[in-house]
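Novice: Sharing protein07.txt (compact mmCIF, C-alpha atoms and all ligand atoms) below.
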# COMPACT_ATOMS: atom_id res chain seq x y z
CA MET A 28 11.69 18.54 4.42
CA ARG A 29 10.54 15.96 1.90
CA THR A 30 12.90 17.17 -0.83
CA TYR A 31 15.81 17.03 1.58
CA ILE A 32 14.87 13.58 2.88
CA ASN A 33 14.52 12.23 -0.64
CA SER A 34 17.82 13.81 -1.70
CA LEU A 35 19.53 11.44 0.74
CA ASP A 36 17.91 8.40 -0.85
CA MET A 37 20.21 5.98 -2.67
CA GLY A 38 17.45 4.90 -5.10
CA ASN A 39 16.56 1.37 -6.20
CA THR A 40 17.73 -1.23 -8.70
CA PRO A 41 17.90 -0.12 -12.36
CA PHE A 42 14.75 -2.14 -13.19
CA LEU A 43 12.75 -0.52 -10.39
CA GLN A 44 14.13 2.84 -11.44
CA GLU A 45 12.91 2.20 -14.99
CA LEU A 46 9.44 1.15 -13.75
CA GLU A 47 9.17 4.23 -11.56
CA THR A 48 10.10 6.58 -14.39
CA LYS A 49 7.58 4.89 -16.66
CA ALA A 50 4.82 4.94 -14.04
CA LEU A 51 5.34 8.63 -13.35
CA ALA A 52 5.28 9.39 -17.10
CA ASP A 53 2.09 7.35 -17.62
CA ARG A 54 0.45 8.73 -14.46
CA VAL A 55 0.16 5.31 -12.88
CA PRO A 56 0.06 5.69 -9.10
CA ILE A 57 3.00 4.20 -7.21
CA ILE A 58 4.28 4.57 -3.68
CA ARG A 59 6.33 7.69 -3.11
CA ARG A 60 10.06 7.78 -2.40
CA GLU A 61 9.55 8.26 1.34
CA MET A 62 7.21 5.29 1.47
CA GLN A 63 9.61 3.14 -0.57
CA SER A 64 12.31 3.80 1.94
CA PHE A 65 9.95 3.19 4.87
CA ILE A 66 8.88 -0.17 3.45
CA LYS A 67 12.49 -1.25 2.85
CA MET A 68 13.30 -0.44 6.48
CA PHE A 69 10.18 -2.28 7.65
CA LEU A 70 11.04 -5.40 5.62
CA ALA A 71 14.50 -5.44 7.18
CA VAL A 72 13.03 -5.23 10.70
CA ASN A 73 10.05 -7.52 10.28
CA ARG A 74 11.30 -10.10 7.73
CA PRO A 75 7.74 -11.14 6.68
CA LYS A 76 7.41 -14.40 4.76
CA ARG A 77 3.96 -13.87 3.31
CA ILE A 78 2.68 -10.51 2.20
CA LEU A 79 -0.75 -9.54 0.98
CA GLU A 80 -0.85 -6.34 -1.06
CA VAL A 81 -4.17 -4.74 -1.97
CA GLY A 82 -3.65 -2.61 -5.10
CA THR A 83 -0.96 -3.86 -7.52
CA ALA A 84 -1.21 -1.22 -10.27
CA ILE A 85 1.73 -2.18 -12.52
CA GLY A 86 3.57 -4.03 -9.76
CA PHE A 87 6.12 -1.43 -8.71
CA SER A 88 5.69 -1.82 -4.94
CA THR A 89 5.28 -5.60 -5.35
CA LEU A 90 8.67 -5.81 -7.03
CA LEU A 91 10.23 -3.40 -4.56
CA MET A 92 9.13 -5.70 -1.72
CA CYS A 93 10.48 -8.76 -3.58
CA GLU A 94 13.79 -7.02 -4.13
CA TYR A 95 14.24 -5.82 -0.57
CA GLY A 96 12.41 -8.55 1.39
CA PRO A 97 13.73 -11.95 2.46
CA GLU A 98 14.77 -14.34 -0.30
CA ASP A 99 11.93 -16.83 0.30
CA LEU A 100 9.25 -14.13 0.46
CA GLU A 101 5.87 -14.84 -1.15
CA ILE A 102 3.53 -12.05 -2.18
CA VAL A 103 -0.14 -12.24 -3.06
CA THR A 104 -1.26 -9.01 -4.70
CA ILE A 105 -4.71 -7.97 -5.88
CA GLU A 106 -5.72 -5.67 -8.70
CA ASN A 107 -9.17 -5.06 -10.14
CA TYR A 108 -8.38 -2.77 -13.07
CA GLU A 109 -8.04 -5.15 -16.07
CA LYS A 110 -5.88 -2.81 -18.11
CA ARG A 111 -3.12 -2.90 -15.51
CA ILE A 112 -3.09 -6.66 -14.92
CA PRO A 113 -1.18 -7.73 -18.08
CA ILE A 114 1.33 -4.90 -17.56
CA ALA A 115 1.97 -6.02 -13.98
CA LYS A 116 2.34 -9.65 -15.11
CA GLU A 117 4.82 -8.66 -17.79
CA ASN A 118 6.81 -6.66 -15.23
CA PHE A 119 6.91 -9.64 -12.86
CA ARG A 120 8.18 -11.81 -15.71
CA ARG A 121 10.82 -9.31 -16.80
CA ALA A 122 12.07 -9.01 -13.22
CA GLY A 123 12.27 -12.82 -12.97
CA ARG A 124 9.95 -12.79 -9.93
CA GLU A 125 6.94 -14.74 -11.26
CA ALA A 126 7.55 -17.68 -8.92
CA GLN A 127 7.25 -15.48 -5.82
CA ILE A 128 4.19 -13.47 -6.81
CA THR A 129 0.55 -14.46 -7.19
CA LEU A 130 -1.58 -11.83 -8.89
CA LEU A 131 -5.28 -12.11 -8.11
CA GLU A 132 -7.81 -10.46 -10.35
CA GLY A 133 -10.89 -9.46 -8.37
CA ASP A 134 -11.27 -9.74 -4.64
CA ALA A 135 -11.93 -13.22 -3.23
CA LEU A 136 -9.34 -13.84 -0.56
CA SER A 137 -8.16 -16.57 1.75
CA GLY A 138 -4.95 -17.49 3.52
CA SER A 139 -3.04 -15.94 6.36
CA TYR A 140 -0.44 -13.22 6.16
CA ASP A 141 2.14 -11.60 8.39
CA PHE A 142 2.23 -8.33 6.50
CA ILE A 143 -0.64 -6.67 4.66
CA PHE A 144 0.02 -3.59 2.55
CA MET A 145 -3.16 -1.60 1.92
CA ASP A 146 -2.77 0.59 -1.16
CA ALA A 147 -6.04 0.29 -3.11
CA ALA A 148 -8.71 2.97 -3.64
CA LYS A 149 -8.70 5.13 -0.49
CA GLY A 150 -12.49 5.09 -0.16
CA GLN A 151 -12.43 1.29 0.05
CA TYR A 152 -9.97 0.71 2.88
CA ILE A 153 -12.80 0.64 5.40
CA ASN A 154 -14.62 -2.03 3.37
CA TRP A 155 -11.47 -4.16 3.26
CA LEU A 156 -10.92 -3.99 7.01
CA PRO A 157 -13.04 -7.02 8.05
CA ASP A 158 -11.17 -9.16 5.48
CA VAL A 159 -7.85 -7.72 6.55
CA MET A 160 -8.58 -8.59 10.20
CA ARG A 161 -9.54 -12.11 9.17
CA LEU A 162 -6.45 -12.62 6.98
CA MET A 163 -3.88 -11.11 9.34
CA LYS A 164 -1.99 -13.34 11.78
CA ASN A 165 -1.68 -12.41 15.42
CA GLY A 166 1.45 -10.30 15.55
CA GLY A 167 0.92 -9.45 11.89
CA VAL A 168 1.34 -5.91 10.62
CA LEU A 169 -0.96 -3.80 8.45
CA ILE A 170 0.55 -0.78 6.69
CA SER A 171 -1.86 1.54 4.88
CA ASP A 172 -0.74 4.24 2.46
CA ASN A 173 -2.26 7.64 1.59
CA VAL A 174 -4.32 7.92 4.77
CA LEU A 175 -3.97 11.70 5.21
CA GLN A 176 -5.47 12.45 1.81
CA GLU A 177 -3.02 15.26 0.95
CA GLY A 178 -4.03 16.97 4.21
CA ASP A 179 -7.80 16.98 3.52
CA ILE A 180 -8.33 14.62 6.42
CA ILE A 181 -7.75 17.34 9.05
CA GLU A 182 -10.16 19.83 7.45
CA SER A 183 -13.77 20.37 8.38
CA HIS A 184 -16.15 18.38 6.18
CA TYR A 185 -17.34 21.64 4.57
CA LEU A 186 -13.87 22.67 3.41
CA VAL A 187 -13.26 19.40 1.57
CA GLU A 188 -14.15 19.51 -2.12
CA ARG A 189 -17.45 17.80 -2.73
CA ARG A 190 -15.93 15.06 -4.91
CA ASN A 191 -13.48 14.13 -2.12
CA ARG A 192 -16.05 14.03 0.67
CA THR A 193 -16.96 10.37 0.46
CA ILE A 194 -13.31 9.39 0.63
CA TYR A 195 -12.82 11.85 3.49
CA LYS A 196 -15.69 10.38 5.49
CA ARG A 197 -14.60 6.80 4.88
CA MET A 198 -10.94 7.48 5.61
CA ARG A 199 -11.85 9.14 8.91
CA GLU A 200 -13.91 6.08 9.75
CA TYR A 201 -10.98 3.85 8.82
CA LEU A 202 -8.52 5.77 11.02
CA TYR A 203 -11.02 5.80 13.88
CA GLU A 204 -11.40 2.04 13.57
CA LEU A 205 -7.63 1.43 13.41
CA LYS A 206 -7.18 3.45 16.60
CA HIS A 207 -10.18 2.03 18.50
CA ASN A 208 -10.27 -1.64 17.51
CA PRO A 209 -9.07 -3.48 20.64
CA SER A 210 -7.10 -6.02 18.55
CA LEU A 211 -4.98 -3.33 16.89
CA ILE A 212 -2.19 -1.06 18.03
CA THR A 213 -1.86 1.70 15.45
CA SER A 214 0.50 4.59 14.86
CA ILE A 215 -0.48 7.25 12.31
CA ILE A 216 2.63 8.74 10.71
CA PRO A 217 2.64 11.89 8.55
CA LEU A 218 5.10 10.37 6.06
CA GLY A 219 4.56 10.84 2.32
CA ASP A 220 0.78 11.09 1.96
CA GLY A 221 0.24 9.65 5.45
CA VAL A 222 0.88 6.11 6.59
CA THR A 223 -0.51 3.93 9.36
CA VAL A 224 1.28 1.00 10.91
CA SER A 225 -0.99 -1.38 12.86
CA VAL A 226 -0.04 -4.51 14.75
CA LYS A 227 -2.68 -7.16 15.47
CA GLN A 228 -2.77 -8.54 18.97
CA GLU A 229 -4.76 -11.36 20.52
N1 LIG B 301 0.85 -0.46 -4.80
C1 LIG B 301 1.08 0.11 -6.13
C2 LIG B 301 0.13 1.26 -6.42
C3 LIG B 301 -1.32 0.91 -6.30
S1 LIG B 301 -2.37 2.18 -6.91
C4 LIG B 301 2.51 0.61 -6.22
O1 LIG B 301 2.91 1.35 -5.32
O2 LIG B 301 3.20 0.29 -7.19
C5 LIG B 301 -3.91 1.55 -6.42
C6 LIG B 301 -4.40 0.39 -7.27
O3 LIG B 301 -5.44 -0.24 -6.56
C7 LIG B 301 -4.98 0.84 -8.62
O4 LIG B 301 -4.28 0.21 -9.68
C8 LIG B 301 -6.44 0.39 -8.54
O5 LIG B 301 -6.93 -0.09 -9.79
C9 LIG B 301 -6.38 -0.73 -7.50
N2 LIG B 301 -7.63 -0.97 -6.77
C10 LIG B 301 -8.48 -0.04 -6.28
N3 LIG B 301 -9.49 -0.63 -5.61
C11 LIG B 301 -9.28 -1.97 -5.67
C12 LIG B 301 -9.98 -3.12 -5.19
N4 LIG B 301 -11.11 -3.00 -4.50
N5 LIG B 301 -9.46 -4.34 -5.45
C13 LIG B 301 -8.32 -4.47 -6.15
N6 LIG B 301 -7.61 -3.43 -6.63
C14 LIG B 301 -8.08 -2.20 -6.40
MG MG B 302 -1.61 4.65 -2.92
What is this structure when it is put down as structure tokens?
Specialist:
Amino acid sequence: MRTYINSLDMGNTPFLQELETKALADRVPIIRREMQSFIKMFLAVNRPKRILEVGTAIGFSTLLMCEYGPEDLEIVTIENYEKRIPIAKENFRRAGREAQITLLEGDALSGSYDFIFMDAAKGQYINWLPDVMRLMKNGGVLISDNVLQEGDIIESHYLVERRNRTIYKRMREYLYELKHNPSLITSIIPLGDGVTVSVKQE
């Protein structure tokens, strides 16, 4: 199904195409084709003005959102792996998008956002959640990537490889929280590696 779905995809701008090819060759994680297309659709529906992204890597998804979001879009994106920060900055410069993007190194956060894209280390989503709730506007949307952990999430704890168990436990907690927090309405979608879309309500 995925191969067919992706075969219908028209692709991205040549610069994004180049970044994607490079990221795949260098084994830098980036959002998958299905997720790229989902985010483009979401940006067209939601027209967010201020996005917070947790997990920049080399800035592929950041630049995709700049390219396909509204013209006056601002993005704050966070990355904590020093080696990737200068590469991301250089990519923002080459794409001519420096004015729209603020890259934070580390994790102190303030402000208020209408769209938060959670794509950091999977085992840390649950730790980010209190900040995310604080930073998200009422009516704001949280989209989290890779929540189904390549299918591990539905297995019994014992069938999950030992090294993936902490992530498994924390991701289950995260999904439970997204579905049970009274301020959130969440849909879990088996797209790509699993995506959640949550809307914050008063
Ligand atoms: N969104 C990117 C891919 C991000 S990969 C894209 O699609 O192009 C996940 C990134 O999150 C990695 O580069 C990792 O270093 C970073 N990361 C993991 N935990 C983090 C944290 N607590 N704070 C900031 N960045 C984090
Ligand atoms: Mg990811």
Novice: Do you have the atom O2 of ligand LIG 301 (chain B)-atom CA of Lys76 of chain A distance handy?
Specialist: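 Interatomic distance, atom O2 of ligand LIG 301 (chain B) to atom CA of Lys76 of chain A: 19.4 Å.
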Novice: Would you mind reading off the distance between atom CA of Ile128 of chain A and atom CA of Ala148 of chain A, one decimal, in Å?
Specialist: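 Calculated distance between atom CA of Ile128 of chain A and atom CA of Ala148 of chain A is 21.1 Å.
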Novice: Can you measure atom CA of Ile212 of chain A to atom CA of Met160 of chain A for me? One decimal in Å is fine.
Specialist: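 A separation of 12.6 Å between them.
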Novice: So, counting only C-alpha atoms and all ligand atoms, which residue among A:Ile32, A:Met163, A:Leu186, A:Ile170 is closest to ligand MG 302 (chain B)?
Specialist: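 Comparing A:Ile32, A:Met163, A:Leu186, A:Ile170 against ligand MG 302 (chain B), the winner is A:Ile170.
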Novice: Can you check which parts of chain A lie within 9 Å of ligand LIG 301 (chain B)? Per residue, the shortest pair of atoms and distance in Å to one decimal, counting all atoms listed in the file, sorted by chain and number, as a Markdown table.
Specialist:
| residue | atom | partner | partner_atom | distance |
| --- | --- | --- | --- | --- |
| A:Glu47 | CA | B:LIG301 | O2 | 8.4 |
| A:Ala50 | CA | B:LIG301 | O2 | 8.4 |
| A:Val55 | CA | B:LIG301 | S1 | 7.2 |
| A:Pro56 | CA | B:LIG301 | S1 | 4.8 |
| A:Ile57 | CA | B:LIG301 | O1 | 3.4 |
| A:Ile58 | CA | B:LIG301 | O1 | 3.9 |
| A:Arg59 | CA | B:LIG301 | O1 | 7.5 |
| A:Met62 | CA | B:LIG301 | O1 | 9.0 |
| A:Gln63 | CA | B:LIG301 | O1 | 8.4 |
| A:Glu80 | CA | B:LIG301 | N1 | 7.2 |
| A:Val81 | CA | B:LIG301 | C13 | 5.9 |
| A:Gly82 | CA | B:LIG301 | O3 | 3.3 |
| A:Thr83 | CA | B:LIG301 | C1 | 4.7 |
| A:Ala84 | CA | B:LIG301 | O4 | 3.4 |
| A:Ile85 | CA | B:LIG301 | O2 | 6.1 |
| A:Gly86 | CA | B:LIG301 | O2 | 5.0 |
| A:Phe87 | CA | B:LIG301 | O2 | 3.7 |
| A:Ser88 | CA | B:LIG301 | O2 | 4.0 |
| A:Thr89 | CA | B:LIG301 | O2 | 6.5 |
| A:Leu90 | CA | B:LIG301 | O2 | 8.2 |
| A:Leu91 | CA | B:LIG301 | O2 | 8.4 |
| A:Thr104 | CA | B:LIG301 | C13 | 8.5 |
| A:Ile105 | CA | B:LIG301 | C13 | 5.0 |
| A:Glu106 | CA | B:LIG301 | N6 | 3.6 |
| A:Asn107 | CA | B:LIG301 | C13 | 4.1 |
| A:Tyr108 | CA | B:LIG301 | O5 | 4.5 |
| A:Glu109 | CA | B:LIG301 | O5 | 8.1 |
| A:Lys110 | CA | B:LIG301 | O5 | 8.8 |
| A:Arg111 | CA | B:LIG301 | O4 | 6.7 |
| A:Ile112 | CA | B:LIG301 | O4 | 8.7 |
| A:Leu131 | CA | B:LIG301 | C13 | 8.5 |
| A:Glu132 | CA | B:LIG301 | C13 | 7.3 |
| A:Gly133 | CA | B:LIG301 | C13 | 6.0 |
| A:Asp134 | CA | B:LIG301 | N5 | 5.8 |
| A:Phe144 | CA | B:LIG301 | N1 | 8.0 |
| A:Met145 | CA | B:LIG301 | N1 | 7.9 |
| A:Asp146 | CA | B:LIG301 | N1 | 5.2 |
| A:Ala147 | CA | B:LIG301 | O3 | 3.5 |
| A:Ala148 | CA | B:LIG301 | C10 | 4.0 |
| A:Lys149 | CA | B:LIG301 | N3 | 7.7 |
| A:Gly150 | CA | B:LIG301 | N3 | 8.5 |
| A:Gln151 | CA | B:LIG301 | N4 | 6.4 |
| A:Tyr152 | CA | B:LIG301 | N4 | 8.3 |
| A:Asn154 | CA | B:LIG301 | N4 | 8.7 |
| A:Trp155 | CA | B:LIG301 | N4 | 7.9 |
| A:Asp172 | CA | B:LIG301 | N1 | 8.8 |
Novice: Nearest to ligand MG 302 (chain B) among A:Pro209, A:Asn39, A:Asn173, A:Lys196, with distances taken over only C-alpha atoms and all ligand atoms: which residue is it?
Specialist: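 Selected residue with least distance to ligand MG 302 (chain B): A:Asn173.
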Novice: Show which residues sit within 12 Å of Tyr31 of chain A, as a ChimeraX atom specification. Count all atoms listed in the file, and ignore same-chain residues fewer than 4 positions away.
Specialist: /A:35-36,60-61
Novice: Calculated over all atoms listed in the file, which of the candidates A:Gly167, A:Ser183, A:Gln176, A:Leu130 has the smallest distance to ligand MG 302 (chain B)?
Specialist: A:Gln176
Novice: Using only C-alpha atoms and all ligand atoms, can you tell me which of A:Val174, A:Ile194, A:Val226, A:Leu79 comes closest to ligand MG 302 (chain B)?
Specialist: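 Selected residue with least distance to ligand MG 302 (chain B): A:Val174.
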Novice: Between A:Pro97, A:Gly138, A:Gly178, A:Gly123, which is the closest to Gly221 of chain A once you count only C-alpha atoms?
Specialist: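 Among the listed residues, A:Gly178 lies closest to Gly221 of chain A.
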Novice: Restricting the calculation to only C-alpha atoms, which member of A:His207, A:Arg77, A:Tyr195, A:Gln228 is positioned closest to Asp141 of chain A?
Specialist: A:Arg77
Novice: So that I can see what lies close to Ser214 of chain A, please list as a PyMOL selection string the residues with an atom at most 10 Å from it, counting all atoms listed in the file and leaving out residues fewer than 4 positions away in the same chain.
Specialist: chain A and resi 170+202+205-206+222-226
Novice: Could you give me the axis-aligned bounding box of segment 129-135 of chain A, with 3 Å of padding per side, as centre plus edge lengths in Å to one decimal, as AutoDock Vina command-line options?
Specialist:
--center_x -5.7 --center_y -12.0 --center_z -6.8 --size_x 18.5 --size_y 11.0 --size_z 13.1
Novice: List the spatial neighbours of Leu175 of chain A as JSON, numbers by chain - criterion: any atom at most 8 Å away, only C-alpha atoms, same-chain residues fewer than 4 positions off excluded.
Specialist: {"A": [179, 180, 181, 217, 220, 221, 222]}
